[in-house]
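Report on one structure; see the data block that follows.
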Amino acid sequence: MTRLAKAAALTLGVAGLALTAAPAAASAPALEMSFAAEPTHEILLTTGQTVKVEIVKENDNEVETVLWVGTMSAKKTYQRSEIISITELSQTTDASAKVETYQRAADVDDQIPENALRVYVMELNGRFGWDISKTPVSDAFDEARELNADVIIVKCNNNWKQLDGFEDEMYDDQGRFEYRTAESIQPIFTSELRSKWEKEPKVVFWVERAMSGMAFLPLVKPDIYFTSDGRLGGVEGLEGFYGSTGDEVVRDKLESAMEGHIKGMAIAGGHDSRLIEAMTKKSYVLSYRIENGKPVYLEGEAPGDWILLTDDGEGENADTDYDIVRNQGNDALTFDADLAFKLNVSKGTADTLDDLLFEMGIEDRTYVLDDKDEDGQSDGARRELDRWSTGIVRADQKLRRLQYEIDNVEVRPMRNDPDGSKARAAARGQQKRLINEVISLLNKYGEVLDPGEQIRSQLEVMKQQIENQQRIENLNRRRGPG
Amino acid sequence: MKQNSILAVMVLALAMFIPALPAQANLALVEPGDDVVKLTDGRELTGKIVREKDGYVWLDMGVGQPLFLSPDKIKEIVRNSGAEAGEDPISLEAEEKAWVDDPNVTRAAIITAEGMVGMQMASKPLRDAIPMLKEEGVELVVFKVKSGGGFLLEIQPLSDVLHNEYKQNFQLVAWIDSAISAAAMTALTIDEIYFMPHGHFGAMTGWSGQLQAMSGRGLEDVYYKMEKISTRSQRAEYIPLIKAMQHNRMVSYDIDEATGEINFYETTAGEFVLNDGEHVLTLDSQQAEHCGFSQGTAATYEELQAILEQSVGEIEWVGEKVEGIPYPVSKAEMHQREYREEVDYQDARFQEVVVKYQMEIQNAQGVAVERRGGFLRRAEGYLARIKRMIKINPNFGIFTVNEEWIRQQEEIIRELRRG
């Protein structure tokens with residue numbers, strides 16, 4: 001056995017032990033639950049079979065159940081990969097998180113005055129394109145729909161820190177031009193409101209940090225408010241996005257197409273598309289002045305009462321380090337609360353939810369939905385977003401571990417296996433099981449971890465290779481080497 | 001070979017043969033009242049559908065437990081309850097026509113063209129949809145475009161279907177969500193263009209590989225193609241604008257205050273400059289409407305209806321409300337969606353299938369001829385799947401896996417089998 005294989009064996013052994021230990025630990029809370037006297041859910045399996053169960057516990061990979069056959073029941077755990085769908089049979093149990101949510105929603109509904117505006121509040125925090133992704137935002141909106149929200153407040157507060165846990169933030173020019181994530185999420189705030197909701201709610205963005213790719217998201221709507229320290233921008237870099245690759249005209253074309261997408265989002269939100277150019281292109285020069293209380297823009301620089309918003313960033317116009325560290329640069333546009341308000345991008349500034357509701361003019365008839373802990377945020381939204389964040393961190397860690405395990409599956413000697421073929425077959429089986437586990441994770445978190453499905457595709461090929469190795473060995477064993 | 005091994009091979013051969021039974025042969029066995037489930041692998045199964053859920057189907061074929069089929073395996077279901085065996089399902093549905101031909105009402109449908117041009121956005125599903133549109137009495141087709149471009153070679157077929165077939169049968173308007181590159185070139189076929197507020201249109205520069213621009217004759221060919229397509233939609237006066245969408249060319253325009261006439265210039269001399277010559281042009285909805293390229297902007301189909309009704313009178317939308325889709329979904333539109341789903345699914349697996357095929361061939365090459373059977377059968381299976389994918393859309397793997405390549409592979413398999 002090689003040293004690597006021994007290490008792998010140890011790893012596998014530890015992983016195996018951990019896996020064995022996990023159900024025991026997990027079963028403790030399950031024991032505290034009172035089992036319902038009847039099944040609560042129906043599970044449709046990939047085999048086509050449907051089973052009636054009570055769900056005891058769920059995680060990313062497994063659903064632990066009590067399986068019902070007639071009046072008899074027994075514990076049974078299903079892999080997520082075996083399940084096509086889970087359908088609720090009744091509302092009489094609190095066994096699953098979903099049911100729990102609805103019941104709370106019903107409780108909350110009972111307390112709402114008839115003429116109240118039902119406000120759902122969610123905060124998008126964490127890394128944009130990681131913690132903040134389409135699925136959790138969509139799930140939170142689905143919950144808001146279940147609760148018949150009239151207004152949805154989306155607080156934008158993406159992670160813009162230099163280091164987690166410290167206050168120092170990144171500089172505006174450290175942002176990255178990226179619009180795909182915003183574009184994938186934005187239909188939730190626009191077309192899906194029309195297609196999924198009976199009565200379209202009003203969506204209001206409340207900006208604390210909407211930096212880098214997140215900056216485009218609030219602009220899809222006209223109703224934007226800032227916190228007093230709120231900032232939106234840090235998204236320069238459209239020009240030169242493709243570096244020196246290929247021909248200039250093709251780079252120009254691709255930049256033009258990307259600009260078309262992001263300008264379109266801002267236009268749909270009722271914002272001046274020139275602001276998008278100022279945000280994303282360092283060479284773009286834009287001035288403004290206020291006429292009759294409204295901003296008027298001029299491309300280029302002009303004397304008189306025109307105020308320069310962004311210069312061309314060339315030569316002595318280039319932002320200095322002094323400017324950049326103090327957020328005073330003007331090569332590309334980043335909004336703070338004052339500027340956003342001045343340019344009518346923001347409708348007001350508020351640091352607390354009460355202040356925001358006051359600014360919106362609805363403070364006296366608002367009911368914040370599903371906020372049992374009274375933290376100013378709907379609990380369900382927090383739960384959906386936290387569940388995604390936790391899940392994706394775990395999935396990422398698990399993927400790394402599984403990759404290592406796949407690469408280092410050891411062929412362990414077995415009894416009555418003189419030529420080692422059984423051991424090799426078992427090792428291959430183990431590899432295939434690990435690969436299936438990875439694929440199952442990618443099916444759930446693919447939008448972030450494998451958006452082009454390339455990893456899944458490679459794993460399918462790898463599985464095929466393993467099967468072929470087994471086939472070749474079987475052939476050789478039966479007929480001798482050929 | 002031992003006798004039971006021979007038997008096993010025969011059973012296997014039969015098992016492989018049964019799925020390959022031609023469709024007609026299967027249909028001939030259909031009993032009245034039987035449903036027919038057509039599978040994506042070409043097979044057609046008959047029996048009684050005893051259960052359905054979320055696209056999954058349980059088919060009772062009269063023997064054993066009902067067969068469970070997942071949606072990715074199902075191409076089409078023909079429900080024959082009470083119908084003659086083999087009867088065309090479309091004609092059956094036509095008998096249930098639920099609309100009245102009212103000359104004062106224009107029946108309209110939205111057809112979406114999305115994804116990559118030449119893959120998800122292709123001429124084939126559009127052509128397939130024409131009888132469906134006719135069956136539902138559609139007179140006005142809204143061609144909603146959302147695509148970042150794709151294969152240049154599909155532009156002409158798309159334009160031909162729209163110009164020669166759609167325009168002959170329906171009033172055709174475009175509704176632009178996102179039309180970039182080849183998608184924009186395609187939409188130029190249509191005379192009447194509307195934008196969504198976030199809509200954008202342009203960036204039509206042809207390129208390949210590592211961002212290499214088209215040049216020489218290829219470039220001229222694209223320019224000429226655009227000129228011809230623009231002529232199809234009476235948009236010859238927009239050629240300066242269209243050139244600026246293809247290359248870094250200047251374009252500006254004036255609007256005659258008295259007549260409203262718009263004149264384009266291939267310079268920046270006009271009052272409104274769209275491109276200074278340093279960039280490639282992509283129009284937004286405001287620019288498009290201002291310069292007359294678009295006839296209006298509509299965020300929803302209701303807004304679009306309000307604009308269109310000014311010229312065509314009352315509009316009745318064909319189709320059903322489907323959750324998550326913000327407009328009525330007609331049969332023709334459902335067909336576009338199903339086609340795209342199928343192409344998406346196959347596209348994500350195409351390279352994988354090709355690699356798996358190559359692996360089986362390599363394995364077969366690595367063993368003695370009498371041991372190649374299993375590998376070659378699996379290789380043939382993958383090759384059959386590749387052929388089916390190409391049948392769904394000939395543009396799958398167009399630059400590598402063409403008909404010639406398939407013929408070569410079939411020969412390689414024969415050679416390997418012979419030894």
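Residues in the structure tokens are named by chain (A, B, ... in the order shown) and by number from 1 within that chain; ligands are numbered from 1 in the order shown.
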
Distance limit 6 Å, atoms considered: only C-alpha atoms. Which chain A residues sit that close to chain B? Return them as a ChimeraX atom specification.
/A:48,194-196,246-247,250,252-253,256-257,260,264-265,267-268,457,482

May I have the residues within 9 Å of region 411-416 of chain B as a ChimeraX atom specification, using only C-alpha atoms and disregarding those fewer than 4 positions away in the same chain?
/B:361,364-365,369,372,376,379-380,406-407

Skip Glu136 (chain B) itself and residues of its chain fewer than 2 positions away, then list as a PDB file with all heavy atoms, in the first residue's frame all residues within 8 Å of it, counting only C-alpha atoms.
```
ATOM      1  N   LYS B  97     -62.383  22.371 -31.161  1.00  0.00           N
ATOM      2  CA  LYS B  97     -62.133  23.806 -31.356  1.00  0.00           C
ATOM      3  C   LYS B  97     -63.049  24.634 -30.467  1.00  0.00           C
ATOM      4  O   LYS B  97     -64.269  24.516 -30.548  1.00  0.00           O
ATOM      5  CB  LYS B  97     -62.344  24.149 -32.819  1.00  0.00           C
ATOM      6  CG  LYS B  97     -61.943  25.539 -33.199  1.00  0.00           C
ATOM      7  CD  LYS B  97     -61.972  25.700 -34.695  1.00  0.00           C
ATOM      8  CE  LYS B  97     -63.290  26.261 -35.175  1.00  0.00           C
ATOM      9  NZ  LYS B  97     -63.279  26.624 -36.597  1.00  0.00           N
ATOM     10  N   TRP B  99     -62.939  28.055 -30.186  1.00  0.00           N
ATOM     11  CA  TRP B  99     -62.955  29.476 -30.504  1.00  0.00           C
ATOM     12  C   TRP B  99     -63.901  29.755 -31.668  1.00  0.00           C
ATOM     13  O   TRP B  99     -64.165  28.895 -32.493  1.00  0.00           O
ATOM     14  CB  TRP B  99     -61.546  29.972 -30.834  1.00  0.00           C
ATOM     15  CG  TRP B  99     -60.835  29.172 -31.885  1.00  0.00           C
ATOM     16  CD1 TRP B  99     -60.117  28.035 -31.702  1.00  0.00           C
ATOM     17  CD2 TRP B  99     -60.798  29.440 -33.281  1.00  0.00           C
ATOM     18  NE1 TRP B  99     -59.627  27.577 -32.887  1.00  0.00           N
ATOM     19  CE2 TRP B  99     -60.029  28.430 -33.875  1.00  0.00           C
ATOM     20  CE3 TRP B  99     -61.328  30.442 -34.092  1.00  0.00           C
ATOM     21  CZ2 TRP B  99     -59.771  28.387 -35.242  1.00  0.00           C
ATOM     22  CZ3 TRP B  99     -61.079  30.406 -35.454  1.00  0.00           C
ATOM     23  CH2 TRP B  99     -60.306  29.378 -36.012  1.00  0.00           C
ATOM     24  N   MET B 132     -49.885  24.596 -35.653  1.00  0.00           N
ATOM     25  CA  MET B 132     -50.517  24.778 -34.339  1.00  0.00           C
ATOM     26  C   MET B 132     -51.170  26.161 -34.256  1.00  0.00           C
ATOM     27  O   MET B 132     -52.263  26.318 -33.720  1.00  0.00           O
ATOM     28  CB  MET B 132     -49.474  24.628 -33.223  1.00  0.00           C
ATOM     29  CG  MET B 132     -48.785  23.280 -33.207  1.00  0.00           C
ATOM     30  SD  MET B 132     -47.496  23.232 -31.955  1.00  0.00           S
ATOM     31  CE  MET B 132     -46.500  21.881 -32.555  1.00  0.00           C
ATOM     32  N   LEU B 133     -50.465  27.149 -34.790  1.00  0.00           N
ATOM     33  CA  LEU B 133     -51.014  28.512 -34.771  1.00  0.00           C
ATOM     34  C   LEU B 133     -52.273  28.580 -35.632  1.00  0.00           C
ATOM     35  O   LEU B 133     -53.271  29.188 -35.250  1.00  0.00           O
ATOM     36  CB  LEU B 133     -49.961  29.506 -35.296  1.00  0.00           C
ATOM     37  CG  LEU B 133     -48.763  29.727 -34.378  1.00  0.00           C
ATOM     38  CD1 LEU B 133     -47.615  30.384 -35.140  1.00  0.00           C
ATOM     39  CD2 LEU B 133     -49.151  30.589 -33.182  1.00  0.00           C
ATOM     40  N   LYS B 134     -52.205  27.925 -36.781  1.00  0.00           N
ATOM     41  CA  LYS B 134     -53.374  27.931 -37.672  1.00  0.00           C
ATOM     42  C   LYS B 134     -54.544  27.230 -37.003  1.00  0.00           C
ATOM     43  O   LYS B 134     -55.685  27.675 -37.089  1.00  0.00           O
ATOM     44  CB  LYS B 134     -53.022  27.228 -38.989  1.00  0.00           C
ATOM     45  CG  LYS B 134     -52.151  28.066 -39.910  1.00  0.00           C
ATOM     46  CD  LYS B 134     -51.951  27.297 -41.188  1.00  0.00           C
ATOM     47  CE  LYS B 134     -51.137  28.090 -42.197  1.00  0.00           C
ATOM     48  NZ  LYS B 134     -50.819  27.289 -43.375  1.00  0.00           N
ATOM     49  N   VAL B 138     -54.929  31.639 -35.075  1.00  0.00           N
ATOM     50  CA  VAL B 138     -54.106  32.828 -34.805  1.00  0.00           C
ATOM     51  C   VAL B 138     -53.917  33.641 -36.088  1.00  0.00           C
ATOM     52  O   VAL B 138     -53.656  33.098 -37.163  1.00  0.00           O
ATOM     53  CB  VAL B 138     -52.735  32.416 -34.221  1.00  0.00           C
ATOM     54  CG1 VAL B 138     -51.795  33.612 -34.136  1.00  0.00           C
ATOM     55  CG2 VAL B 138     -52.919  31.778 -32.860  1.00  0.00           C
ATOM     56  N   VAL B 318     -54.573  34.047 -27.581  1.00  0.00           N
ATOM     57  CA  VAL B 318     -54.768  32.604 -27.635  1.00  0.00           C
ATOM     58  C   VAL B 318     -53.838  31.961 -26.611  1.00  0.00           C
ATOM     59  O   VAL B 318     -52.657  32.306 -26.541  1.00  0.00           O
ATOM     60  CB  VAL B 318     -54.437  32.082 -29.051  1.00  0.00           C
ATOM     61  CG1 VAL B 318     -54.394  30.565 -29.074  1.00  0.00           C
ATOM     62  CG2 VAL B 318     -55.451  32.615 -30.054  1.00  0.00           C
TER      63      VAL B 318
END
```

List the spatial neighbours of region 143-160 of chain A as a list in words - criterion: any atom at most 7 Å away, only C-alpha atoms, same-chain residues fewer than 4 positions off excluded.
Ala105, Leu117, Arg118, Val119, Tyr120, Val121, Met122, Glu123, Leu124, Asn125, Gly126, Arg127, Phe128, Asp139, Glu169, Met170, Trp197, Pro201, Lys202, Val203, Val204, Phe205, Trp206, Val207, Glu208, Arg209, Ala210 and Met211 of chain A

Take the residues just selected and output them with N, CA, C and O atoms as a short mmCIF file (atom, residue, chain, number, x, y, z; two decimals), in the first residue's frame.
```
data_model
loop_
_atom_site.label_atom_id
_atom_site.label_comp_id
_atom_site.auth_asym_id
_atom_site.auth_seq_id
_atom_site.Cartn_x
_atom_site.Cartn_y
_atom_site.Cartn_z
N ALA A 105 -47.40 31.59 9.68
CA ALA A 105 -47.99 32.61 8.82
C ALA A 105 -49.46 32.76 9.16
O ALA A 105 -49.98 33.86 9.26
N LEU A 117 -51.22 47.56 5.81
CA LEU A 117 -50.37 47.18 4.68
C LEU A 117 -49.46 46.06 5.15
O LEU A 117 -48.74 46.22 6.14
N ARG A 118 -49.48 44.98 4.45
CA ARG A 118 -48.70 43.80 4.87
C ARG A 118 -47.30 43.92 4.27
O ARG A 118 -47.13 43.81 3.06
N VAL A 119 -46.34 44.16 5.13
CA VAL A 119 -44.97 44.42 4.67
C VAL A 119 -44.06 43.24 4.99
O VAL A 119 -44.04 42.77 6.13
N TYR A 120 -43.37 42.79 4.00
CA TYR A 120 -42.42 41.68 4.16
C TYR A 120 -41.02 42.26 4.00
O TYR A 120 -40.75 42.98 3.03
N VAL A 121 -40.15 41.97 4.94
CA VAL A 121 -38.81 42.58 4.91
C VAL A 121 -37.75 41.49 4.81
O VAL A 121 -37.76 40.53 5.58
N MET A 122 -36.87 41.64 3.85
CA MET A 122 -35.77 40.67 3.73
C MET A 122 -34.45 41.42 3.54
O MET A 122 -34.42 42.50 2.94
N GLU A 123 -33.40 40.85 4.08
CA GLU A 123 -32.09 41.49 3.92
C GLU A 123 -31.19 40.56 3.12
O GLU A 123 -30.97 39.40 3.51
N LEU A 124 -30.68 41.08 2.03
CA LEU A 124 -29.74 40.31 1.22
C LEU A 124 -28.34 40.65 1.70
O LEU A 124 -27.79 41.69 1.34
N ASN A 125 -27.79 39.80 2.53
CA ASN A 125 -26.41 40.06 2.95
C ASN A 125 -25.53 38.85 2.65
O ASN A 125 -26.01 37.80 2.26
N GLY A 126 -24.26 39.08 2.79
CA GLY A 126 -23.30 38.02 2.43
C GLY A 126 -22.71 38.31 1.06
O GLY A 126 -22.79 39.43 0.56
N ARG A 127 -22.12 37.28 0.50
CA ARG A 127 -21.43 37.46 -0.80
C ARG A 127 -22.42 37.38 -1.95
O ARG A 127 -23.20 36.43 -2.03
N PHE A 128 -22.37 38.37 -2.82
CA PHE A 128 -23.25 38.38 -3.99
C PHE A 128 -22.79 37.28 -4.96
O PHE A 128 -21.61 37.18 -5.30
N ASP A 139 -37.13 31.78 -3.10
CA ASP A 139 -37.84 31.10 -2.01
C ASP A 139 -38.43 32.11 -1.04
O ASP A 139 -39.57 31.95 -0.57
N GLU A 169 -13.42 48.41 4.73
CA GLU A 169 -14.10 47.96 3.53
C GLU A 169 -13.18 48.05 2.33
O GLU A 169 -12.12 48.70 2.37
N MET A 170 -13.60 47.42 1.27
CA MET A 170 -12.80 47.48 0.03
C MET A 170 -12.95 48.86 -0.60
O MET A 170 -13.87 49.61 -0.28
N TRP A 197 -47.91 36.48 -9.01
CA TRP A 197 -48.72 37.09 -7.95
C TRP A 197 -50.09 37.49 -8.50
O TRP A 197 -50.18 38.02 -9.61
N PRO A 201 -47.12 43.02 -5.66
CA PRO A 201 -46.72 43.85 -4.52
C PRO A 201 -45.75 44.95 -4.98
O PRO A 201 -45.17 44.87 -6.05
N LYS A 202 -45.59 45.93 -4.13
CA LYS A 202 -44.61 46.97 -4.42
C LYS A 202 -43.27 46.50 -3.84
O LYS A 202 -43.21 46.07 -2.68
N VAL A 203 -42.24 46.55 -4.64
CA VAL A 203 -40.91 46.15 -4.16
C VAL A 203 -40.06 47.40 -3.94
O VAL A 203 -39.94 48.24 -4.84
N VAL A 204 -39.53 47.50 -2.75
CA VAL A 204 -38.74 48.68 -2.38
C VAL A 204 -37.34 48.22 -2.00
O VAL A 204 -37.19 47.29 -1.21
N PHE A 205 -36.34 48.84 -2.58
CA PHE A 205 -34.95 48.52 -2.21
C PHE A 205 -34.45 49.53 -1.18
O PHE A 205 -34.72 50.72 -1.28
N TRP A 206 -33.73 49.00 -0.23
CA TRP A 206 -33.17 49.82 0.85
C TRP A 206 -31.67 49.51 0.89
O TRP A 206 -31.28 48.41 1.26
N VAL A 207 -30.89 50.48 0.46
CA VAL A 207 -29.48 50.21 0.18
C VAL A 207 -28.57 50.60 1.34
O VAL A 207 -28.53 51.77 1.73
N GLU A 208 -27.89 49.61 1.86
CA GLU A 208 -26.79 49.90 2.79
C GLU A 208 -25.48 49.67 2.03
O GLU A 208 -24.66 50.57 1.91
N ARG A 209 -25.34 48.48 1.48
CA ARG A 209 -24.22 48.22 0.57
C ARG A 209 -24.77 47.47 -0.65
O ARG A 209 -25.28 46.37 -0.51
N ALA A 210 -24.67 48.12 -1.78
CA ALA A 210 -24.99 47.43 -3.04
C ALA A 210 -23.78 47.66 -3.93
O ALA A 210 -23.76 48.55 -4.77
N MET A 211 -22.76 46.89 -3.69
CA MET A 211 -21.47 47.13 -4.32
C MET A 211 -21.13 46.01 -5.31
O MET A 211 -21.62 44.89 -5.20
#
```

I need the residue nearest Glu236 (chain A) from this list: A:Asn317, A:Asn330, A:Thr181, A:Ser85. Use only C-alpha atoms for the distance.
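That would be A:Asn330, the residue with the smallest distance to Glu236 (chain A).
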
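Neighbouring residues of Met279 (chain A) at 10 Å or closer, counting only C-alpha atoms and skipping chain neighbours under 4 positions away, are A:Phe177, A:Ala215, A:Phe216, A:Leu232, A:Gly233, A:Gly234, A:Val235, A:Glu236, A:Gly237, A:Leu238, A:Ser273, A:Arg274, A:Leu275, A:Tyr284, A:Thr310, A:Asn330, A:Asp331, A:Ala332, A:Leu333, A:Thr334, A:Phe335.
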
Within 8 Å of Val285 (chain A), counting only C-alpha atoms, which residues show up once you throw out same-chain ones fewer than 4 positions away? Write them as a ChimeraX atom specification, please.
/A:278,299-301,308-312

In Å, how far is it from CA of Gln336 (chain B) to CA of Ala122 (chain B)?
9.5 Å

For the structure I just gave you, how does DSSP split region 205-267 of chain A - specifically, which residues are strand (DSSP E or B)? Reply as a list in words.
Phe205, Trp206, Val207, Glu208, Arg209, Ala210, Met211, Ile224, Tyr225, Phe226, Thr227, Ser228, Asp229, Gly230, Arg231, Leu232 and Gly233 of chain A

Just want the 9 Å neighbourhood of Gln377 (chain A), counted on only C-alpha atoms, with same-chain residues fewer than 2 positions away dropped. Output as a short mmCIF file (atom, residue, chain, number, x, y, z; two decimals) with N, CA and C atoms, in the first residue's frame.
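Saved file around_7.cif follows:
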```
data_model
loop_
_atom_site.label_atom_id
_atom_site.label_comp_id
_atom_site.auth_asym_id
_atom_site.auth_seq_id
_atom_site.Cartn_x
_atom_site.Cartn_y
_atom_site.Cartn_z
N TYR A 120 -43.37 42.79 4.00
CA TYR A 120 -42.42 41.68 4.16
C TYR A 120 -41.02 42.26 4.00
N VAL A 121 -40.15 41.97 4.94
CA VAL A 121 -38.81 42.58 4.91
C VAL A 121 -37.75 41.49 4.81
N MET A 122 -36.87 41.64 3.85
CA MET A 122 -35.77 40.67 3.73
C MET A 122 -34.45 41.42 3.54
N GLU A 123 -33.40 40.85 4.08
CA GLU A 123 -32.09 41.49 3.92
C GLU A 123 -31.19 40.56 3.12
N LEU A 353 -35.95 50.65 10.24
CA LEU A 353 -37.15 50.26 9.49
C LEU A 353 -38.28 51.27 9.74
N VAL A 368 -45.57 44.40 9.83
CA VAL A 368 -44.42 43.62 9.32
C VAL A 368 -44.73 42.14 9.51
N LEU A 369 -44.77 41.44 8.42
CA LEU A 369 -45.17 40.04 8.43
C LEU A 369 -44.09 39.13 9.01
N ASP A 370 -44.54 38.13 9.73
CA ASP A 370 -43.67 37.04 10.17
C ASP A 370 -42.41 37.55 10.85
N ASP A 371 -42.60 38.43 11.83
CA ASP A 371 -41.44 38.98 12.54
C ASP A 371 -41.61 38.73 14.04
N ASP A 373 -39.52 37.61 16.19
CA ASP A 373 -38.42 38.08 17.05
C ASP A 373 -38.26 39.59 17.02
N GLU A 374 -39.13 40.25 16.28
CA GLU A 374 -39.17 41.72 16.23
C GLU A 374 -37.82 42.34 15.92
N ASP A 375 -37.12 41.73 14.98
CA ASP A 375 -35.83 42.32 14.58
C ASP A 375 -35.99 43.15 13.31
N ASP A 379 -39.08 36.62 9.51
CA ASP A 379 -38.28 35.47 9.97
C ASP A 379 -38.08 34.44 8.85
N GLY A 380 -39.12 34.26 8.06
CA GLY A 380 -39.03 33.26 6.99
C GLY A 380 -37.95 33.61 5.98
N ALA A 381 -37.85 34.88 5.66
CA ALA A 381 -36.84 35.32 4.70
C ALA A 381 -35.44 35.03 5.25
N ARG A 382 -35.28 35.40 6.51
CA ARG A 382 -33.97 35.16 7.16
C ARG A 382 -33.65 33.67 7.12
#
```

Using backbone DSSP assignments, extract all helix (DSSP H, G or I) residues from region 137-369 of chain A; output them as a PyMOL selection string.
chain A and resi 137-146+172-174+180-188+191-196+212-216+218-220+248-268+273-280+315-317+321-325+337-342+353-360+363-365
